[in-house]
Amino acid sequence: MAKPAVLTHPESLKKPAGPSDFAKHPINAALSKADKVALYTKMARIRHFEQRCIRTYQQGKIGGFLHLYVGQEAVAAGTISLLGKHDHIITGYRDHGHALMVGMSMNECMAELTGKVTGCSQGKGGSMHYFAPDKNYWGGHGIVGGQAPLGTGLAYAVKYKGLKGCCLAYMGDGAVNQGAVHEAYNLAALWDLPMIFVIENNGYSMGTSQERSTAHPGCLAKRAEGYGMAWDVINGHDVYEVRAKTDAAVKRAHEESKPTVLEIFTYRYFGHSMADPDKTYRDKDEIKEYREKKDPVLLFENELLAEGVLTPATRDAINEAAMAEADVAATFAEESPDPTVADITKHIYWEEDNRGPNSTSRGTIIFE
Amino acid sequence: MAVITYREALRAAMREELQRDENVVVMGEEVAQFNGAYKVTEGLLKEFGPKRVVDTPISEAGFIGLGIGASMLGIRPVMELMFWSFSYVAFDQIVNNAGNIRYMSGGLINCPIVIRGPANGGTNVGATHSHTPEAILASHPGIKVVCPATPYDAKGLMKAAIRDNDPVYVMENTILYNDKGEVPEEDYIVPLGVADVKRVGTDLTIVAHGRAVITSLKAAEILEKEHGVSVEVVDLRSIRPLDEETILASVRKTHRALLVEENKPFCGVDAQVAYIIQAKAFDDLDAPIGRVSSIDAPQIYCKRMEDQQLPHAARVVEAALKVLA
Ligand SMILES: Cc1ncc(C[n+]2csc(CCOP(=O)(O)OP(=O)(O)O)c2C)c(N)n1
Ligand SMILES: [Mg+2]
């Protein structure tokens, strides 16, 4: 059998990195210098946060699974940069990038990883289960594909309430084979929901290349056709392209209340999780090539340097600040207290945490 | 008080809650145009229109998951499962998502969803359609489970479930749908976690839920008439939360307990109830706790044998006499 190649990556990926074809797209042209610097800063913050996590993990302070987003930053950054008040997101377990993009703090994110009560979920969720409903961020879900129906429900609720908004549900290239995802596709299309399914195709589901997991007609997004849904493929190394093409889907959701499937080609530099030695299923050269030629942060940086938006000095300052912020977060996490034994049985039931004379629930609900 | 069926009681509960709260949505397979596979939702589409009463495709993981997601944003979906047996294809959504999100978010998100439908054997439809998953589901902290046995409780528990801010799974029983009983016309709820003494007695406590309550009441009649035994029947009504106090108070009075349920014995609801009684009322017991469950096998198709497999009055009488011996 021929060595699997990442067949479905678009032509744009094969061409040498140069200025983005999408820099002048209206949605990008509309960005002020400050907006661009802010977007770059967010991408750099994700990168440095994740890299700081590696150290904290290696120090033995982070338990369980840790799935890093390094290499995929332009996906969360590009898509989430477009969202407004009534737009919602939900994702899988590779959720840190999205969290920082919606404005969750490095402190609460790092503290969650170390299981501290100051974490976004008070140490009850962990890396895979971040939540921030006040920022329209609905998790952080550990079961592959399980978030797709939930996201469809968020879109349903937005539509039910008559709001002009949408929901973006992110998933991996492996998740597209889950039945729940297909059921969600069908419901979103059948009920004209303002829904965007974002496939972050990083080429692998754990150690299984996309070719070994998925029977596909050229690309994963095309399955949308089976449900009569619009779809598109996006070079996820170019944040301008991500924004330009996602914007069309957001407009489709807002203006027509119609769903879209977007497949965004991207790449992860580290193993599937920190537990993956990353030795069996891909070449080191492949990683090197992506890092050198298609790094989303670097490409955007070059773009902005060429545009005169960034200077080497401002770039360095941004990166140093992001690193320092991540260090502060690590210290904050380190110094924060654990939840208590009494906390174990809190937040199980709303009615239990809010019991009053008119409660709809009585009796024993937590057992010995 | 009006005398209505269990089915009508459930419908009245949904109807009143649809009127009371514009965020309540009834959703499921065949609930709208077809008027419900069991006609529980009959007429609701006509009264409330397709925004509030929604037909779904046969896609339990999809539509239940959608309902859970919508509930996170404040919609209060009342989802019908044609059979609770079909919940198994949506288990991830029902358990992992609805049951865990509040906890994993440190209390930031709650899922005020109701999932309802029949969960019973005894209808001659074979093993795949006869599951009673109340114990399986109630074993997950984060989930609530209720099993009404009478029209009064069906309405009151359904209304409480819809107003409750946690996921509540209402397990009905197709065999009870036509049972009639008195139901007040004015607004009331039966709070979750409150058991009901359905018959007062002094010699033996029977603890049951769902249709096993009806079976136990029949057995209690026989025990009274033919054996001169006074039986108290405690209807749990709610599995989680559970009204330990009412169970214990009854056992402390009668000093003997028989637990009756339609589940299979292994890790049934009664396993938990028996543990609670022995842990908290050991000194009050004059005999070992007795138990009647379904015969431990997948649900048999043959109607005559299925009637034997499920607890029935004669088996309950026999077990009661053993506890009383
Ligand atoms: C239902 C389920 N099966 C298996 C797993 C274990 N698992 C976690 S992530 C993963 C790979 C998923 O890959 P993909 O969807 O491509 O996302 P990526 O990790 O590349 O972001 C697997 C097998 C799981 N979490 N849930
Ligand atoms: Mg992948």
# chains A, B, ... in the order shown; residues from 1 in each chain; ligands from 1
>>> closest_atom_pairs(of="chain B", to="chain A", cutoff="7 Å", atoms="only C-alpha atoms", output="CSV")
residue,atom,partner,partner_atom,distance
B:Ser59,CA,A:Glu183,CA,6.2
B:Ala61,CA,A:Ala180,CA,5.9
B:Gly62,CA,A:Glu183,CA,4.8
B:Gly65,CA,A:Pro149,CA,4.7
B:Leu66,CA,A:Gly153,CA,3.7
B:Gly67,CA,A:Gly153,CA,5.7
B:Ile68,CA,A:Leu150,CA,6.2
B:Gly69,CA,A:Leu150,CA,4.0
B:Ala70,CA,A:Gly153,CA,4.3
B:Leu73,CA,A:Ala157,CA,6.4
B:Ile75,CA,A:Ala157,CA,6.5
B:Gln93,CA,A:Gly146,CA,7.0
B:Arg102,CA,A:His347,CA,6.1
B:Tyr103,CA,A:His347,CA,5.0
B:Met104,CA,A:Gly125,CA,4.3
B:Ser105,CA,A:Ser121,CA,4.5
B:Gly106,CA,A:Ser121,CA,4.3
B:Gly107,CA,A:His347,CA,4.7
B:Leu108,CA,A:Pro133,CA,6.9
B:Ile109,CA,A:Pro133,CA,6.9
B:Asn110,CA,A:Trp350,CA,6.7
B:Pro141,CA,A:Ile348,CA,6.6
B:Gly142,CA,A:Ile348,CA,5.0
B:Ala160,CA,A:Thr360,CA,5.5
B:Asp164,CA,A:Thr360,CA,5.7
B:Asn165,CA,A:Trp350,CA,6.0
B:Asp166,CA,A:Trp350,CA,6.0
B:Pro191,CA,A:Thr360,CA,4.8
B:Leu192,CA,A:Ser361,CA,4.5
B:Gly193,CA,A:Gly363,CA,4.5
B:Val194,CA,A:Gly363,CA,6.2
B:Arg240,CA,A:Ile365,CA,5.9
B:Pro241,CA,A:Ile365,CA,4.3
B:Leu242,CA,A:Thr364,CA,5.1
B:Asp243,CA,A:Gly363,CA,4.6
B:Glu244,CA,A:Thr364,CA,6.6
>>> write_last_selection(atoms="N, CA and C atoms", output="mmCIF file, in the first residue's frame")
data_model
loop_
_atom_site.group_PDB
_atom_site.id
_atom_site.type_symbol
_atom_site.label_atom_id
_atom_site.label_comp_id
_atom_site.auth_asym_id
_atom_site.auth_seq_id
_atom_site.Cartn_x
_atom_site.Cartn_y
_atom_site.Cartn_z
ATOM 1 N N SER B 59 -33.736 9.860 15.350
ATOM 2 C CA SER B 59 -32.355 10.304 15.476
ATOM 3 C C SER B 59 -32.103 10.690 16.929
ATOM 4 N N ALA B 61 -29.842 10.278 19.305
ATOM 5 C CA ALA B 61 -28.624 10.958 19.763
ATOM 6 C C ALA B 61 -28.642 12.405 19.289
ATOM 7 N N GLY B 62 -29.100 12.611 18.066
ATOM 8 C CA GLY B 62 -29.138 13.947 17.495
ATOM 9 C C GLY B 62 -30.144 14.839 18.194
ATOM 10 N N GLY B 65 -29.524 15.287 21.994
ATOM 11 C CA GLY B 65 -28.359 16.172 22.160
ATOM 12 C C GLY B 65 -28.737 17.608 21.847
ATOM 13 N N LEU B 66 -29.517 17.785 20.809
ATOM 14 C CA LEU B 66 -29.972 19.134 20.444
ATOM 15 C C LEU B 66 -30.789 19.738 21.592
ATOM 16 N N GLY B 67 -31.650 18.930 22.168
ATOM 17 C CA GLY B 67 -32.457 19.427 23.283
ATOM 18 C C GLY B 67 -31.580 19.834 24.462
ATOM 19 N N ILE B 68 -30.565 19.054 24.728
ATOM 20 C CA ILE B 68 -29.670 19.378 25.846
ATOM 21 C C ILE B 68 -28.930 20.685 25.550
ATOM 22 N N GLY B 69 -28.450 20.805 24.328
ATOM 23 C CA GLY B 69 -27.764 22.044 23.947
ATOM 24 C C GLY B 69 -28.689 23.242 24.069
ATOM 25 N N ALA B 70 -29.927 23.092 23.600
ATOM 26 C CA ALA B 70 -30.886 24.196 23.690
ATOM 27 C C ALA B 70 -31.181 24.529 25.147
ATOM 28 N N LEU B 73 -29.043 27.020 26.867
ATOM 29 C CA LEU B 73 -29.333 28.426 26.557
ATOM 30 C C LEU B 73 -30.720 28.855 27.041
ATOM 31 N N ILE B 75 -33.786 27.179 26.876
ATOM 32 C CA ILE B 75 -35.004 26.533 26.391
ATOM 33 C C ILE B 75 -35.304 25.390 27.364
ATOM 34 N N GLN B 93 -25.325 11.297 25.088
ATOM 35 C CA GLN B 93 -25.928 12.607 25.297
ATOM 36 C C GLN B 93 -26.630 12.661 26.658
ATOM 37 N N ARG B 102 -23.170 20.446 34.186
ATOM 38 C CA ARG B 102 -23.194 21.354 35.331
ATOM 39 C C ARG B 102 -21.955 21.132 36.194
ATOM 40 N N TYR B 103 -21.658 19.885 36.436
ATOM 41 C CA TYR B 103 -20.524 19.578 37.309
ATOM 42 C C TYR B 103 -19.203 20.028 36.686
ATOM 43 N N MET B 104 -19.022 19.630 35.442
ATOM 44 C CA MET B 104 -17.727 19.919 34.805
ATOM 45 C C MET B 104 -17.514 21.404 34.568
ATOM 46 N N SER B 105 -18.607 22.179 34.595
ATOM 47 C CA SER B 105 -18.439 23.616 34.407
ATOM 48 C C SER B 105 -18.387 24.328 35.755
ATOM 49 N N GLY B 106 -18.266 23.568 36.824
ATOM 50 C CA GLY B 106 -18.216 24.199 38.138
ATOM 51 C C GLY B 106 -19.488 24.986 38.434
ATOM 52 N N GLY B 107 -20.618 24.492 37.931
ATOM 53 C CA GLY B 107 -21.894 25.120 38.238
ATOM 54 C C GLY B 107 -22.278 26.271 37.322
ATOM 55 N N LEU B 108 -21.523 26.480 36.252
ATOM 56 C CA LEU B 108 -21.812 27.623 35.372
ATOM 57 C C LEU B 108 -22.988 27.359 34.433
ATOM 58 N N ILE B 109 -23.212 26.086 34.130
ATOM 59 C CA ILE B 109 -24.231 25.759 33.126
ATOM 60 C C ILE B 109 -25.204 24.759 33.746
ATOM 61 N N ASN B 110 -26.494 24.902 33.446
ATOM 62 C CA ASN B 110 -27.403 23.834 33.845
ATOM 63 C C ASN B 110 -28.299 23.437 32.686
ATOM 64 N N PRO B 141 -24.843 10.581 39.346
ATOM 65 C CA PRO B 141 -25.100 11.879 39.972
ATOM 66 C C PRO B 141 -25.186 12.944 38.885
ATOM 67 N N GLY B 142 -26.153 13.819 38.999
ATOM 68 C CA GLY B 142 -26.362 14.834 37.960
ATOM 69 C C GLY B 142 -27.672 14.594 37.242
ATOM 70 N N ALA B 160 -43.511 19.265 37.930
ATOM 71 C CA ALA B 160 -42.305 19.562 38.720
ATOM 72 C C ALA B 160 -41.059 19.355 37.859
ATOM 73 N N ASP B 164 -38.196 22.074 37.073
ATOM 74 C CA ASP B 164 -36.914 21.795 37.732
ATOM 75 C C ASP B 164 -35.771 22.235 36.806
ATOM 76 N N ASN B 165 -34.697 22.710 37.414
ATOM 77 C CA ASN B 165 -33.595 23.232 36.604
ATOM 78 C C ASN B 165 -32.501 22.213 36.300
ATOM 79 N N ASP B 166 -32.768 20.954 36.578
ATOM 80 C CA ASP B 166 -31.805 19.892 36.274
ATOM 81 C C ASP B 166 -32.426 18.930 35.266
ATOM 82 N N PRO B 191 -43.509 17.458 44.235
ATOM 83 C CA PRO B 191 -42.064 17.686 44.187
ATOM 84 C C PRO B 191 -41.304 16.376 43.999
ATOM 85 N N LEU B 192 -40.187 16.463 43.347
ATOM 86 C CA LEU B 192 -39.328 15.298 43.194
ATOM 87 C C LEU B 192 -38.773 14.928 44.565
ATOM 88 N N GLY B 193 -38.614 13.644 44.806
ATOM 89 C CA GLY B 193 -37.983 13.225 46.060
ATOM 90 C C GLY B 193 -38.941 13.127 47.230
ATOM 91 N N VAL B 194 -40.237 13.066 46.937
ATOM 92 C CA VAL B 194 -41.213 12.884 48.013
ATOM 93 C C VAL B 194 -42.020 11.616 47.723
ATOM 94 N N ARG B 240 -34.417 9.255 42.082
ATOM 95 C CA ARG B 240 -33.354 10.176 42.483
ATOM 96 C C ARG B 240 -33.836 11.572 42.157
ATOM 97 N N PRO B 241 -34.061 12.420 43.158
ATOM 98 C CA PRO B 241 -33.861 12.214 44.585
ATOM 99 C C PRO B 241 -34.787 11.155 45.173
ATOM 100 N N LEU B 242 -34.371 10.622 46.309
ATOM 101 C CA LEU B 242 -35.083 9.529 46.955
ATOM 102 C C LEU B 242 -35.524 9.975 48.345
ATOM 103 N N ASP B 243 -36.765 9.638 48.686
ATOM 104 C CA ASP B 243 -37.301 10.028 49.989
ATOM 105 C C ASP B 243 -36.973 8.936 51.011
ATOM 106 N N GLU B 244 -35.789 9.000 51.563
ATOM 107 C CA GLU B 244 -35.370 7.990 52.547
ATOM 108 C C GLU B 244 -36.247 8.023 53.787
#
>>> residues_around(residues="Ala161 in chain B", least_positions_apart="2", cutoff="12 Å", atoms="only C-alpha atoms", output="MDAnalysis selection string")
(chainID A and resid 351 359:361) or (chainID B and resid 10 13:14 17 24 76:79 111:116 143:148 153:159 163:171 189:193 238 240:241)
>>> write_last_selection(atoms="C-alpha atoms", output="mmCIF file, in the first residue's frame")
data_model
loop_
_atom_site.group_PDB
_atom_site.id
_atom_site.type_symbol
_atom_site.label_atom_id
_atom_site.label_comp_id
_atom_site.auth_asym_id
_atom_site.auth_seq_id
_atom_site.Cartn_x
_atom_site.Cartn_y
_atom_site.Cartn_z
ATOM 1 C CA GLU A 351 -31.783 22.462 42.618
ATOM 2 C CA SER A 359 -37.845 23.815 45.402
ATOM 3 C CA THR A 360 -39.181 21.317 42.932
ATOM 4 C CA SER A 361 -36.803 18.760 44.462
ATOM 5 C CA LEU B 10 -49.391 13.756 31.378
ATOM 6 C CA ALA B 13 -49.149 18.737 32.596
ATOM 7 C CA MET B 14 -47.403 19.498 29.314
ATOM 8 C CA GLU B 17 -46.514 24.159 31.236
ATOM 9 C CA VAL B 24 -41.152 25.041 27.000
ATOM 10 C CA ARG B 76 -36.924 23.953 28.427
ATOM 11 C CA PRO B 77 -37.383 21.009 26.095
ATOM 12 C CA VAL B 78 -39.683 18.147 26.993
ATOM 13 C CA MET B 79 -38.393 15.352 24.812
ATOM 14 C CA CYS B 111 -29.578 21.667 31.682
ATOM 15 C CA PRO B 112 -33.288 22.055 32.470
ATOM 16 C CA ILE B 113 -34.389 19.279 30.161
ATOM 17 C CA VAL B 114 -37.087 16.657 30.596
ATOM 18 C CA ILE B 115 -36.883 13.369 28.756
ATOM 19 C CA ARG B 116 -40.010 11.289 29.017
ATOM 20 C CA ILE B 143 -29.434 13.006 36.713
ATOM 21 C CA LYS B 144 -32.900 12.823 38.254
ATOM 22 C CA VAL B 145 -35.373 10.027 37.635
ATOM 23 C CA VAL B 146 -39.061 9.783 38.484
ATOM 24 C CA CYS B 147 -41.546 6.944 37.882
ATOM 25 C CA PRO B 148 -45.185 7.946 38.412
ATOM 26 C CA ASP B 153 -48.548 11.672 40.355
ATOM 27 C CA ALA B 154 -48.018 11.635 36.596
ATOM 28 C CA LYS B 155 -49.307 15.171 36.294
ATOM 29 C CA GLY B 156 -47.705 16.524 39.427
ATOM 30 C CA LEU B 157 -44.318 14.980 38.775
ATOM 31 C CA MET B 158 -44.319 16.016 35.115
ATOM 32 C CA LYS B 159 -45.007 19.617 36.052
ATOM 33 C CA ARG B 163 -39.980 23.469 36.241
ATOM 34 C CA ASP B 164 -36.914 21.795 37.732
ATOM 35 C CA ASN B 165 -33.595 23.232 36.604
ATOM 36 C CA ASP B 166 -31.805 19.892 36.274
ATOM 37 C CA PRO B 167 -32.199 17.059 33.776
ATOM 38 C CA VAL B 168 -35.211 15.003 34.856
ATOM 39 C CA TYR B 169 -36.010 11.687 33.213
ATOM 40 C CA VAL B 170 -39.650 10.715 33.531
ATOM 41 C CA MET B 171 -40.320 7.014 33.113
ATOM 42 C CA ILE B 189 -46.904 19.879 41.570
ATOM 43 C CA VAL B 190 -45.600 16.733 43.185
ATOM 44 C CA PRO B 191 -42.064 17.686 44.187
ATOM 45 C CA LEU B 192 -39.328 15.298 43.194
ATOM 46 C CA GLY B 193 -37.983 13.225 46.060
ATOM 47 C CA SER B 238 -39.021 9.544 42.598
ATOM 48 C CA ARG B 240 -33.354 10.176 42.483
ATOM 49 C CA PRO B 241 -33.861 12.214 44.585
#
>>> select_by_dssp(residues="range 218-312 of chain A", states="strand (DSSP E or B)", output="list in words")
Ala230, Trp231, Asp232, Val233, Ile234, Asn235, Thr260, Val261, Leu262, Glu263, Ile264 and Phe265 of chain A
>>> residues_around(residues="Phe48 in chain B", least_positions_apart="3", cutoff="10 Å", atoms="only C-alpha atoms", output="list in words")
Arg15, Leu18, Gln19, Val25, Val26, Ala32, Gly43, Leu44, Leu45, Lys51, Arg52 and Val53 of chain B
>>> residues_near_ligand(ligand="ligand 1", cutoff="8 Å", atoms="only C-alpha atoms and all ligand atoms", output="PyMOL selection string")
chain A and resi 67+92-94+142-146+171-176+178+200-207+210+268+272-273
>>> write_last_selection(atoms="N, CA and C atoms", output="mmCIF file, in the first residue's frame")
data_model
loop_
_atom_site.group_PDB
_atom_site.id
_atom_site.type_symbol
_atom_site.label_atom_id
_atom_site.label_comp_id
_atom_site.auth_asym_id
_atom_site.auth_seq_id
_atom_site.Cartn_x
_atom_site.Cartn_y
_atom_site.Cartn_z
ATOM 1 N N HIS A 67 -4.161 18.042 25.449
ATOM 2 C CA HIS A 67 -4.119 18.088 23.981
ATOM 3 C C HIS A 67 -3.767 19.509 23.576
ATOM 4 N N GLY A 92 -14.337 20.336 20.986
ATOM 5 C CA GLY A 92 -13.944 19.075 21.616
ATOM 6 C C GLY A 92 -12.957 19.331 22.738
ATOM 7 N N TYR A 93 -12.064 18.400 22.897
ATOM 8 C CA TYR A 93 -11.130 18.431 24.039
ATOM 9 C C TYR A 93 -9.876 19.245 23.739
ATOM 10 N N ARG A 94 -9.655 19.589 22.467
ATOM 11 C CA ARG A 94 -8.474 20.407 22.119
ATOM 12 C C ARG A 94 -8.942 21.859 22.175
ATOM 13 N N GLY A 142 -15.264 16.001 26.009
ATOM 14 C CA GLY A 142 -14.294 14.910 25.950
ATOM 15 C C GLY A 142 -14.665 13.743 25.062
ATOM 16 N N ILE A 143 -15.924 13.676 24.683
ATOM 17 C CA ILE A 143 -16.337 12.532 23.874
ATOM 18 C C ILE A 143 -16.334 12.957 22.409
ATOM 19 N N VAL A 144 -15.528 12.261 21.609
ATOM 20 C CA VAL A 144 -15.354 12.669 20.211
ATOM 21 C C VAL A 144 -16.712 12.776 19.510
ATOM 22 N N GLY A 145 -17.020 13.943 19.003
ATOM 23 C CA GLY A 145 -18.247 14.166 18.224
ATOM 24 C C GLY A 145 -19.468 14.481 19.067
ATOM 25 N N GLY A 146 -19.408 14.250 20.376
ATOM 26 C CA GLY A 146 -20.585 14.425 21.235
ATOM 27 C C GLY A 146 -21.075 15.858 21.300
ATOM 28 N N MET A 171 -14.800 20.312 15.469
ATOM 29 C CA MET A 171 -14.475 18.898 15.699
ATOM 30 C C MET A 171 -13.266 18.539 14.844
ATOM 31 N N GLY A 172 -12.723 17.362 15.083
ATOM 32 C CA GLY A 172 -11.553 16.933 14.333
ATOM 33 C C GLY A 172 -11.913 16.124 13.100
ATOM 34 N N ASP A 173 -10.885 15.756 12.360
ATOM 35 C CA ASP A 173 -11.103 14.948 11.160
ATOM 36 C C ASP A 173 -11.522 13.529 11.524
ATOM 37 N N GLY A 174 -11.216 13.105 12.756
ATOM 38 C CA GLY A 174 -11.659 11.783 13.181
ATOM 39 C C GLY A 174 -13.117 11.798 13.615
ATOM 40 N N ALA A 175 -13.561 12.913 14.119
ATOM 41 C CA ALA A 175 -14.916 13.018 14.669
ATOM 42 C C ALA A 175 -15.997 12.889 13.598
ATOM 43 N N VAL A 176 -15.646 13.188 12.359
ATOM 44 C CA VAL A 176 -16.675 13.183 11.308
ATOM 45 C C VAL A 176 -17.283 11.807 11.087
ATOM 46 N N GLN A 178 -18.373 9.915 13.540
ATOM 47 C CA GLN A 178 -19.306 9.600 14.617
ATOM 48 C C GLN A 178 -20.743 9.782 14.134
ATOM 49 N N GLU A 200 -11.704 20.733 11.993
ATOM 50 C CA GLU A 200 -10.293 21.116 12.057
ATOM 51 C C GLU A 200 -9.492 19.899 11.595
ATOM 52 N N ASN A 201 -9.222 19.860 10.311
ATOM 53 C CA ASN A 201 -8.546 18.684 9.757
ATOM 54 C C ASN A 201 -7.037 18.841 9.911
ATOM 55 N N ASN A 202 -6.519 18.223 10.964
ATOM 56 C CA ASN A 202 -5.072 18.268 11.177
ATOM 57 C C ASN A 202 -4.397 17.004 10.657
ATOM 58 N N GLY A 203 -5.130 16.243 9.869
ATOM 59 C CA GLY A 203 -4.527 15.103 9.176
ATOM 60 C C GLY A 203 -4.548 13.803 9.954
ATOM 61 N N TYR A 204 -4.737 13.892 11.253
ATOM 62 C CA TYR A 204 -4.662 12.683 12.078
ATOM 63 C C TYR A 204 -5.721 12.682 13.168
ATOM 64 N N SER A 205 -6.245 11.499 13.446
ATOM 65 C CA SER A 205 -7.008 11.298 14.677
ATOM 66 C C SER A 205 -6.145 10.362 15.512
ATOM 67 N N MET A 206 -5.601 10.878 16.557
ATOM 68 C CA MET A 206 -4.538 10.203 17.310
ATOM 69 C C MET A 206 -3.461 9.729 16.339
ATOM 70 N N GLY A 207 -3.290 8.422 16.210
ATOM 71 C CA GLY A 207 -2.230 7.925 15.335
ATOM 72 C C GLY A 207 -2.743 7.447 13.993
ATOM 73 N N GLN A 210 -5.813 10.530 8.216
ATOM 74 C CA GLN A 210 -7.172 10.699 7.737
ATOM 75 C C GLN A 210 -7.537 9.673 6.662
ATOM 76 N N ARG A 268 -1.126 19.766 13.672
ATOM 77 C CA ARG A 268 -0.657 19.909 15.064
ATOM 78 C C ARG A 268 0.799 19.475 15.142
ATOM 79 N N HIS A 272 -0.712 13.710 19.722
ATOM 80 C CA HIS A 272 -2.156 13.858 19.919
ATOM 81 C C HIS A 272 -2.441 14.472 21.298
ATOM 82 N N SER A 273 -1.825 13.871 22.312
ATOM 83 C CA SER A 273 -1.842 14.473 23.643
ATOM 84 C C SER A 273 -0.430 14.324 24.172
#
>>> select_by_dssp(residues="range 41-91 of chain A", states="alpha helix (DSSP H)", output="VMD selection string")
chain A and resid 41 to 58 73 to 80
>>> atom_distance(atom1="CA of Lys116 in chain A", atom2="CA of Glu335 in chain A")
9.0 Å
>>> atom_distance(atom1="CA of Asn178 in chain B", atom2="CA of Ile4 in chain B")
8.8 Å
>>> closest_residue(among="A:Arg212, A:His98, A:Arg315, A:Arg355", to="ligand 2", atoms="only C-alpha atoms and all ligand atoms")
A:Arg212
>>> atom_distance(atom1="CA of Ala208 in chain B", atom2="CA of Met82 in chain B")
24.1 Å
>>> closest_residue(among="B:Ala281, B:Leu321, B:Gln309, B:Asn23", to="Ile162 in chain B", atoms="only C-alpha atoms")
B:Asn23
>>> residues_around(residues="range 222-225 of chain B", least_positions_apart="2", cutoff="12 Å", atoms="only C-alpha atoms", output="MDAnalysis selection string")
chainID B and resid 199:204 206 215:220 227:232 313:321 324
>>> closest_residue(among="A:Leu113, A:Ile264, A:Ala333, A:Ile46", to="ligand 2", atoms="only C-alpha atoms and all ligand atoms")
A:Ile264
>>> closest_residue(among="B:Val31, B:Leu236, B:Gly268, B:Leu259", to="Leu137 in chain B", atoms="only C-alpha atoms")
B:Gly268
>>> residues_around(residues="Arg252 in chain B", least_positions_apart="3", cutoff="7 Å", atoms="only C-alpha atoms", output="list in words")
Leu248, Ala249, His255, Ala281 and Asp284 of chain B
>>> residues_around(residues="Glu261 in chain B", least_positions_apart="3", cutoff="10 Å", atoms="only C-alpha atoms", output="MDAnalysis selection string")
chainID B and resid 132 207:213 215:216 264:265 268:270 291:294 310:311
>>> residues_around(residues="Trp84 in chain B", least_positions_apart="4", cutoff="6 Å", atoms="only C-alpha atoms", output="PyMOL selection string")
chain B and resi 117-119
>>> closest_residue(among="A:Tyr170, A:Ala324, A:Glu256, A:Lys61", to="ligand 2", atoms="only C-alpha atoms and all ligand atoms")
A:Tyr170
